[in-house]
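K.L.:
Sharing a structure, written as C-alpha coordinates. Questions coming.
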Amino acid sequence: TQLLEQSPQFLSIQEGENLTVYCNSSSVFSSLQWYRQEPGEGPVLLVTVVTGGEVKKLKRLTFQFGDARKDSSLHITAAQPGDTGLYLCAGEASGGSNYKLTFGKGTLLTVNP
Amino acid sequence: NAGVMQNPRHLVRRRGQEARLRCSPMKGHSHVYWYRQLPEEGLKFMVYLQKENIIDESGMPKERFSAEFPKEGPSILRIQQVVRGDSAAYFCASSPEGLGVEQFFGPGTRLTVL
(Lines give C-alpha, C1' and ligand atoms only; values in the text may rest on other atoms or scores of the structure.)
Protein backbone atom coordinates (compact mmCIF):
# COMPACT_ATOMS: atom_id res chain seq x y z
CA THR A 1 0.00 0.00 0.00
CA GLN A 2 1.40 3.35 -1.01
CA LEU A 3 1.30 6.01 1.70
CA LEU A 4 1.95 9.73 1.59
CA GLU A 5 2.99 11.52 4.77
CA GLN A 6 2.49 15.26 4.91
CA SER A 7 4.20 17.58 7.38
CA PRO A 8 3.57 19.62 9.29
CA GLN A 9 -0.03 18.67 9.98
CA PHE A 10 -0.88 22.20 11.14
CA LEU A 11 0.88 25.49 10.41
CA SER A 12 -0.11 28.95 11.64
CA ILE A 13 1.93 31.91 10.46
CA GLN A 14 1.72 35.67 10.05
CA GLU A 15 1.07 37.39 6.78
CA GLY A 16 4.30 38.00 4.87
CA GLU A 17 6.17 34.97 6.21
CA ASN A 18 7.54 32.18 4.03
CA LEU A 19 6.74 28.53 4.59
CA THR A 20 7.44 25.07 3.23
CA VAL A 21 5.29 21.97 3.55
CA TYR A 22 6.40 18.47 2.71
CA CYS A 23 4.99 15.33 1.19
CA ASN A 24 7.00 12.14 1.64
CA SER A 25 6.65 8.50 0.71
CA SER A 26 8.73 5.35 0.52
CA SER A 27 7.06 4.58 -2.82
CA VAL A 28 7.77 5.93 -6.28
CA PHE A 29 4.97 7.81 -8.01
CA SER A 30 4.63 8.52 -11.71
CA SER A 31 3.44 11.99 -10.77
CA LEU A 32 2.42 14.05 -7.77
CA GLN A 33 -0.38 16.55 -7.58
CA TRP A 34 -0.95 19.35 -5.11
CA TYR A 35 -4.44 20.48 -4.23
CA ARG A 36 -5.90 23.16 -1.99
CA GLN A 37 -9.16 22.44 -0.22
CA GLU A 38 -11.25 25.06 1.54
CA PRO A 39 -13.81 24.19 4.24
CA GLY A 40 -16.94 22.65 2.79
CA GLU A 41 -15.49 22.39 -0.69
CA GLY A 42 -13.71 19.85 -2.86
CA PRO A 43 -9.98 19.83 -3.59
CA VAL A 44 -8.85 22.20 -6.33
CA LEU A 45 -5.83 21.16 -8.36
CA LEU A 46 -2.86 23.55 -8.11
CA VAL A 47 -0.15 21.72 -10.03
CA THR A 48 1.04 18.35 -11.30
CA VAL A 49 4.74 17.44 -11.21
CA VAL A 50 5.89 14.55 -13.34
CA THR A 51 9.66 14.52 -13.80
CA GLY A 52 12.10 13.80 -10.96
CA GLY A 53 13.74 17.06 -9.89
CA GLU A 54 11.08 19.15 -11.59
CA VAL A 55 10.34 22.61 -10.19
CA LYS A 56 7.15 24.47 -11.04
CA LYS A 57 6.19 27.98 -10.01
CA LEU A 58 2.68 29.33 -9.66
CA LYS A 59 2.94 33.00 -8.64
CA ARG A 60 4.19 32.85 -5.02
CA LEU A 61 4.00 29.05 -4.86
CA THR A 62 6.97 26.86 -5.79
CA PHE A 63 6.53 23.10 -6.14
CA GLN A 64 9.37 20.62 -6.34
CA PHE A 65 9.34 16.90 -7.12
CA GLY A 66 12.16 14.88 -5.60
CA ASP A 67 14.78 13.33 -7.86
CA ALA A 68 13.61 9.83 -6.93
CA ARG A 69 9.92 10.81 -7.38
CA LYS A 70 9.14 9.79 -3.81
CA ASP A 71 8.69 13.20 -2.25
CA SER A 72 7.62 16.74 -2.99
CA SER A 73 7.58 20.13 -1.36
CA LEU A 74 5.49 23.26 -1.62
CA HIS A 75 7.06 26.59 -0.73
CA ILE A 76 4.96 29.73 -0.34
CA THR A 77 6.67 33.10 -0.38
CA ALA A 78 5.17 36.08 1.47
CA ALA A 79 2.05 34.21 2.55
CA GLN A 80 -1.28 36.03 2.47
CA PRO A 81 -4.53 35.33 4.36
CA GLY A 82 -6.01 34.13 1.06
CA ASP A 83 -3.53 31.23 1.14
CA THR A 84 -5.32 29.77 4.15
CA GLY A 85 -6.58 26.27 3.48
CA LEU A 86 -5.83 22.57 3.55
CA TYR A 87 -2.99 21.63 1.21
CA LEU A 88 -3.13 18.06 -0.04
CA CYS A 89 -0.63 16.08 -2.03
CA ALA A 90 -1.76 13.12 -4.09
CA GLY A 91 0.34 10.52 -5.82
CA GLU A 92 -0.47 8.81 -9.06
CA ALA A 93 0.71 5.22 -9.00
CA SER A 94 2.85 3.74 -11.72
CA GLY A 95 1.37 1.13 -13.97
CA GLY A 96 -2.15 0.34 -14.97
CA SER A 97 -4.03 1.80 -12.01
CA ASN A 98 -2.63 5.32 -12.02
CA TYR A 99 -6.14 6.78 -11.90
CA LYS A 100 -6.25 5.66 -8.24
CA LEU A 101 -4.88 8.74 -6.51
CA THR A 102 -3.29 8.25 -3.08
CA PHE A 103 -3.80 11.29 -0.88
CA GLY A 104 -1.92 12.50 2.16
CA LYS A 105 -3.88 13.78 5.16
CA GLY A 106 -2.92 17.35 4.35
CA THR A 107 -1.33 20.39 5.95
CA LEU A 108 -3.82 22.86 7.40
CA LEU A 109 -2.34 26.33 6.83
CA THR A 110 -3.63 29.42 8.58
CA VAL A 111 -2.21 32.79 7.57
CA ASN A 112 -3.05 35.48 10.09
CA PRO A 113 -3.36 39.10 8.96
CA ASN B 1 -18.49 25.27 -18.55
CA ALA B 2 -19.90 24.09 -15.26
CA GLY B 3 -17.66 22.08 -12.97
CA VAL B 4 -18.43 18.76 -11.35
CA MET B 5 -21.80 18.92 -9.64
CA GLN B 6 -22.76 16.91 -6.59
CA ASN B 7 -26.02 16.76 -4.76
CA PRO B 8 -27.17 16.91 -2.17
CA ARG B 9 -24.40 18.91 -0.51
CA HIS B 10 -25.52 17.73 2.91
CA LEU B 11 -27.45 14.56 3.71
CA VAL B 12 -28.67 13.35 7.08
CA ARG B 13 -29.84 9.79 7.49
CA ARG B 14 -30.79 7.60 10.43
CA ARG B 15 -29.12 4.26 10.93
CA GLY B 16 -30.59 1.65 8.60
CA GLN B 17 -31.78 4.10 5.95
CA GLU B 18 -30.44 4.37 2.42
CA ALA B 19 -28.26 7.20 1.12
CA ARG B 20 -28.08 8.15 -2.56
CA LEU B 21 -25.36 10.53 -3.64
CA ARG B 22 -25.38 11.99 -7.14
CA CYS B 23 -22.55 13.27 -9.29
CA SER B 24 -22.73 14.99 -12.67
CA PRO B 25 -19.30 15.12 -14.31
CA MET B 26 -17.94 18.10 -16.19
CA LYS B 27 -19.23 18.46 -19.73
CA GLY B 28 -17.27 16.21 -22.04
CA HIS B 29 -15.99 13.99 -19.22
CA SER B 30 -16.90 10.33 -19.39
CA HIS B 31 -14.87 9.03 -16.44
CA VAL B 32 -16.01 9.34 -12.84
CA TYR B 33 -14.20 8.56 -9.60
CA TRP B 34 -15.60 8.46 -6.08
CA TYR B 35 -13.50 9.17 -2.97
CA ARG B 36 -14.39 9.18 0.72
CA GLN B 37 -12.88 11.55 3.28
CA LEU B 38 -13.33 10.40 6.86
CA PRO B 39 -12.71 12.84 9.72
CA GLU B 40 -8.97 13.25 10.31
CA GLU B 41 -8.19 11.06 7.29
CA GLY B 42 -7.07 11.70 3.74
CA LEU B 43 -9.26 11.08 0.74
CA LYS B 44 -9.52 7.38 -0.09
CA PHE B 45 -10.30 6.03 -3.53
CA MET B 46 -13.52 4.04 -3.71
CA VAL B 47 -14.52 3.34 -7.31
CA TYR B 48 -13.79 4.28 -10.91
CA LEU B 49 -16.55 4.20 -13.51
CA GLN B 50 -17.01 4.90 -17.16
CA LYS B 51 -20.40 5.14 -18.81
CA GLU B 52 -22.29 1.91 -18.01
CA ASN B 53 -19.11 0.22 -16.73
CA ILE B 54 -17.44 -0.23 -13.37
CA ILE B 55 -13.71 -0.26 -14.09
CA ASP B 56 -12.30 -0.59 -10.57
CA GLU B 57 -14.27 -0.90 -7.33
CA SER B 58 -11.40 -2.14 -5.22
CA GLY B 59 -11.72 0.71 -2.71
CA MET B 60 -15.41 0.25 -2.06
CA PRO B 61 -16.69 -1.86 0.86
CA LYS B 62 -18.08 -5.13 -0.45
CA GLU B 63 -21.35 -4.85 1.40
CA ARG B 64 -23.99 -2.09 1.37
CA PHE B 65 -22.12 0.11 -1.14
CA SER B 66 -22.78 0.22 -4.86
CA ALA B 67 -22.10 2.65 -7.68
CA GLU B 68 -23.36 3.18 -11.17
CA PHE B 69 -22.86 5.55 -14.07
CA PRO B 70 -25.72 5.04 -16.53
CA LYS B 71 -25.73 6.00 -20.17
CA GLU B 72 -27.96 8.94 -19.33
CA GLY B 73 -27.93 10.89 -16.09
CA PRO B 74 -25.57 11.30 -13.19
CA SER B 75 -23.38 8.77 -11.45
CA ILE B 76 -24.96 7.43 -8.26
CA LEU B 77 -23.20 6.19 -5.13
CA ARG B 78 -25.67 4.21 -3.07
CA ILE B 79 -25.20 3.20 0.53
CA GLN B 80 -27.78 0.82 1.95
CA GLN B 81 -28.54 0.40 5.65
CA VAL B 82 -26.23 3.20 6.68
CA VAL B 83 -24.28 3.01 9.93
CA ARG B 84 -22.62 5.79 11.93
CA GLY B 85 -19.22 4.86 10.50
CA ASP B 86 -20.46 5.86 7.04
CA SER B 87 -20.53 9.51 8.16
CA ALA B 88 -17.99 11.24 5.93
CA ALA B 89 -17.54 13.59 3.02
CA TYR B 90 -17.94 11.83 -0.32
CA PHE B 91 -16.25 13.44 -3.30
CA CYS B 92 -16.74 12.75 -6.94
CA ALA B 93 -14.12 13.61 -9.56
CA SER B 94 -14.24 13.41 -13.33
CA SER B 95 -11.81 13.35 -16.21
CA PRO B 96 -12.14 13.30 -19.99
CA GLU B 97 -10.03 10.17 -20.26
CA GLY B 98 -8.80 7.52 -17.90
CA LEU B 99 -5.16 6.87 -17.30
CA GLY B 100 -2.80 9.64 -16.29
CA VAL B 101 -5.21 12.51 -16.68
CA GLU B 102 -6.02 15.14 -14.11
CA GLN B 103 -9.16 14.65 -12.11
CA PHE B 104 -11.47 17.55 -11.30
CA PHE B 105 -13.31 17.33 -8.01
CA GLY B 106 -16.83 18.29 -7.07
CA PRO B 107 -17.75 20.09 -3.83
CA GLY B 108 -18.66 16.86 -2.06
CA THR B 109 -21.64 15.48 -0.18
CA ARG B 110 -21.41 15.54 3.61
CA LEU B 111 -23.24 12.50 4.93
CA THR B 112 -24.22 12.42 8.58
CA VAL B 113 -25.69 9.26 10.04
CA LEU B 114 -27.58 9.76 13.27
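The way I read the labels, and the way they are meant: chains A, B, ... in the order of the C-alpha coordinates, residue 1 as the first residue of every chain, and ligand 1 as the first ligand shown, with later ones counted on from there.
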Residues of chain A no more than 9 Å from chain B, counting only C-alpha atoms: send them over as a list in words.

P.N.:
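Going by the stated atoms only, the list reads Ser30, Ser31, Gln33, Gly40, Glu41, Gly42, Pro43, Val44, Leu45, Thr48, Leu88, Glu92, Gly96, Ser97, Asn98, Tyr99, Lys100, Leu101, Thr102, Phe103, Gly104, Lys105 and Gly106 of chain A.
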
K.L.:
If we count only C-alpha atoms and set the cut-off at 9 Å, which residues sit around A:Gly66, ignoring sequence neighbours fewer than 4 positions away in its own chain? Please answer as a list of chain:residue names.

P.N.:
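Within the cut-off, the hits are A:Thr51, A:Gly52, A:Gly53, A:Glu54, A:Lys70, A:Asp71, A:Ser72, A:Ser73.
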
K.L.:
Could you save the residues just selected, with N, CA and C atoms, as a CSV table (one decimal), in the first residue's frame?

P.N.:
chain,number,residue,atom,x,y,z
A,51,THR,N,8.3,14.9,-13.6
A,51,THR,CA,9.7,14.5,-13.8
A,51,THR,C,10.4,14.7,-12.5
A,52,GLY,N,11.3,13.7,-12.2
A,52,GLY,CA,12.1,13.8,-11.0
A,52,GLY,C,13.0,15.1,-11.0
A,53,GLY,N,13.0,15.8,-9.9
A,53,GLY,CA,13.7,17.1,-9.9
A,53,GLY,C,13.0,18.3,-10.4
A,54,GLU,N,11.8,18.1,-11.0
A,54,GLU,CA,11.1,19.1,-11.6
A,54,GLU,C,10.7,20.2,-10.6
A,70,LYS,N,9.8,10.3,-5.0
A,70,LYS,CA,9.1,9.8,-3.8
A,70,LYS,C,8.6,10.9,-2.9
A,71,ASP,N,9.0,12.1,-3.2
A,71,ASP,CA,8.7,13.2,-2.2
A,71,ASP,C,8.5,14.5,-3.0
A,72,SER,N,7.9,15.4,-2.4
A,72,SER,CA,7.6,16.7,-3.0
A,72,SER,C,7.5,17.8,-1.9
A,73,SER,N,7.7,19.0,-2.3
A,73,SER,CA,7.6,20.1,-1.4
A,73,SER,C,6.8,21.3,-2.0

K.L.:
Between atom CA of B:His29 and atom CA of B:Met5, what is the spacing in Å?

P.N.:
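Those two atoms sit 12.2 Å apart.
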
K.L.:
Quick one: everything within 10 Å of A:Thr110, counting only C-alpha atoms, minus sequence neighbours fewer than 4 positions away in the same chain. Send it as a PyMOL selection string.

P.N.:
chain A and resi 10-15+79-86

K.L.:
Would you write out those residues with N, CA and C atoms, as a JSON list (two decimals), in the first residue's frame?

P.N.:
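Everything below was put into result27.json:
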[["chain", "number", "residue", "atom", "x", "y", "z"],
["A", 10, "PHE", "N", -0.28, 20.88, 10.94],
["A", 10, "PHE", "CA", -0.88, 22.20, 11.14],
["A", 10, "PHE", "C", 0.23, 23.25, 11.07],
["A", 11, "LEU", "N", -0.09, 24.40, 10.51],
["A", 11, "LEU", "CA", 0.88, 25.49, 10.41],
["A", 11, "LEU", "C", 0.13, 26.81, 10.50],
["A", 12, "SER", "N", 0.51, 27.64, 11.47],
["A", 12, "SER", "CA", -0.11, 28.95, 11.64],
["A", 12, "SER", "C", 0.98, 30.00, 11.59],
["A", 13, "ILE", "N", 0.88, 30.91, 10.63],
["A", 13, "ILE", "CA", 1.93, 31.91, 10.46],
["A", 13, "ILE", "C", 1.31, 33.28, 10.26],
["A", 14, "GLN", "N", 2.18, 34.30, 10.28],
["A", 14, "GLN", "CA", 1.72, 35.67, 10.05],
["A", 14, "GLN", "C", 1.86, 36.02, 8.58],
["A", 15, "GLU", "N", 1.01, 36.90, 8.15],
["A", 15, "GLU", "CA", 1.07, 37.39, 6.78],
["A", 15, "GLU", "C", 2.47, 37.90, 6.47],
["A", 79, "ALA", "N", 3.41, 34.75, 2.44],
["A", 79, "ALA", "CA", 2.05, 34.21, 2.55],
["A", 79, "ALA", "C", 1.02, 35.30, 2.83],
["A", 80, "GLN", "N", -0.16, 35.10, 2.29],
["A", 80, "GLN", "CA", -1.28, 36.03, 2.47],
["A", 80, "GLN", "C", -2.46, 35.29, 3.09],
["A", 81, "PRO", "N", -3.36, 35.99, 3.76],
["A", 81, "PRO", "CA", -4.53, 35.33, 4.36],
["A", 81, "PRO", "C", -5.32, 34.49, 3.35],
["A", 82, "GLY", "N", -5.32, 34.89, 2.10],
["A", 82, "GLY", "CA", -6.01, 34.13, 1.06],
["A", 82, "GLY", "C", -5.38, 32.78, 0.78],
["A", 83, "ASP", "N", -4.18, 32.54, 1.31],
["A", 83, "ASP", "CA", -3.53, 31.23, 1.14],
["A", 83, "ASP", "C", -4.02, 30.22, 2.16],
["A", 84, "THR", "N", -4.79, 30.67, 3.12],
["A", 84, "THR", "CA", -5.32, 29.77, 4.15],
["A", 84, "THR", "C", -6.11, 28.64, 3.52],
["A", 85, "GLY", "N", -5.85, 27.43, 3.99],
["A", 85, "GLY", "CA", -6.58, 26.27, 3.48],
["A", 85, "GLY", "C", -5.85, 24.99, 3.80],
["A", 86, "LEU", "N", -6.44, 23.89, 3.37],
["A", 86, "LEU", "CA", -5.83, 22.57, 3.55],
["A", 86, "LEU", "C", -5.10, 22.21, 2.27]]

K.L.:
What separation in Å, quoted to one decimal, exists between atom CA of B:Val113 and atom CA of B:Ile54?

P.N.:
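Rounded to one decimal, the two atoms are 26.6 Å apart.
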
K.L.:
Quick one: residues within 8 Å of stretch 17-24 of chain B, only C-alpha atoms counted, chain neighbours fewer than 3 positions away excluded, as a list in words?

P.N.:
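My reading of the contact set: Val4, Met5, Gln6, Asn7, Pro8, Leu11, Arg13, Arg14, Gly73, Pro74, Ser75, Ile76, Leu77, Arg78, Ile79, Gln80, Gln81, Val82, Cys92, Gly106 and Thr109 of chain B.
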
K.L.:
Take the residues just selected and output them with N, CA and C atoms as a tab-separated table (two decimals), in the first residue's frame.

P.N.:
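What ended up in out29.tsv:
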chain	number	residue	atom	x	y	z
B	4	VAL	N	-17.79	19.97	-11.82
B	4	VAL	CA	-18.43	18.76	-11.35
B	4	VAL	C	-19.51	19.15	-10.34
B	5	MET	N	-20.68	18.60	-10.52
B	5	MET	CA	-21.80	18.92	-9.64
B	5	MET	C	-22.12	17.71	-8.77
B	6	GLN	N	-22.34	17.98	-7.49
B	6	GLN	CA	-22.76	16.91	-6.59
B	6	GLN	C	-23.98	17.37	-5.81
B	7	ASN	N	-24.88	16.45	-5.62
B	7	ASN	CA	-26.02	16.76	-4.76
B	7	ASN	C	-26.55	15.50	-4.09
B	8	PRO	N	-27.09	15.65	-2.90
B	8	PRO	CA	-27.17	16.91	-2.17
B	8	PRO	C	-25.80	17.29	-1.60
B	11	LEU	N	-26.43	15.60	3.62
B	11	LEU	CA	-27.45	14.56	3.71
B	11	LEU	C	-27.41	13.97	5.10
B	13	ARG	N	-29.08	11.03	7.50
B	13	ARG	CA	-29.84	9.79	7.49
B	13	ARG	C	-29.76	9.16	8.87
B	14	ARG	N	-30.81	8.39	9.20
B	14	ARG	CA	-30.79	7.60	10.43
B	14	ARG	C	-30.22	6.23	10.11
B	73	GLY	N	-27.74	10.48	-17.48
B	73	GLY	CA	-27.93	10.89	-16.09
B	73	GLY	C	-26.64	10.82	-15.29
B	74	PRO	N	-26.76	11.21	-14.02
B	74	PRO	CA	-25.57	11.30	-13.19
B	74	PRO	C	-25.08	9.94	-12.70
B	75	SER	N	-23.88	9.94	-12.16
B	75	SER	CA	-23.38	8.77	-11.45
B	75	SER	C	-24.01	8.77	-10.05
B	76	ILE	N	-24.31	7.58	-9.56
B	76	ILE	CA	-24.96	7.43	-8.26
B	76	ILE	C	-24.08	6.55	-7.38
B	77	LEU	N	-23.82	7.03	-6.17
B	77	LEU	CA	-23.20	6.19	-5.13
B	77	LEU	C	-24.31	5.90	-4.12
B	78	ARG	N	-24.56	4.62	-3.92
B	78	ARG	CA	-25.67	4.21	-3.07
B	78	ARG	C	-25.14	3.45	-1.86
B	79	ILE	N	-25.60	3.87	-0.71
B	79	ILE	CA	-25.20	3.20	0.53
B	79	ILE	C	-26.48	2.71	1.21
B	80	GLN	N	-26.59	1.41	1.31
B	80	GLN	CA	-27.78	0.82	1.95
B	80	GLN	C	-27.52	0.62	3.44
B	81	GLN	N	-28.60	0.69	4.20
B	81	GLN	CA	-28.54	0.40	5.65
B	81	GLN	C	-27.37	1.12	6.31
B	82	VAL	N	-27.38	2.42	6.20
B	82	VAL	CA	-26.23	3.20	6.68
B	82	VAL	C	-25.99	2.98	8.17
B	92	CYS	N	-16.75	13.30	-5.60
B	92	CYS	CA	-16.74	12.75	-6.94
B	92	CYS	C	-15.75	13.58	-7.76
B	106	GLY	N	-15.63	17.57	-7.43
B	106	GLY	CA	-16.83	18.29	-7.07
B	106	GLY	C	-16.74	18.80	-5.65
B	109	THR	N	-20.41	15.67	-0.95
B	109	THR	CA	-21.64	15.48	-0.18
B	109	THR	C	-21.23	15.09	1.22

K.L.:
Please identify which residues in stretch 3-75 of chain A DSSP calls strand (DSSP E or B) from the backbone, and express them as a PyMOL selection string.

P.N.:
chain A and resi 5-7+10-14+19-24+31-37+44-49+55-58+61-65+71-75

K.L.:
Could you state the separation of atom CA of A:Trp34 and atom CA of B:Met26 in Å, given to one decimal place?

P.N.:
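Taking atom CA of A:Trp34 as the start and atom CA of B:Met26 as the end point, the length is 20.3 Å.
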
K.L.:
When you look at stretch 16-27 of chain A with a cut-off of 9 Å (counting only C-alpha atoms), what residues show up, excluding the ones that are within fewer than 6 positions of it in the same chain? I need them as a ChimeraX atom specification.

P.N.:
/A:1-9,69-80,87-90,93,104,106-107,111,113
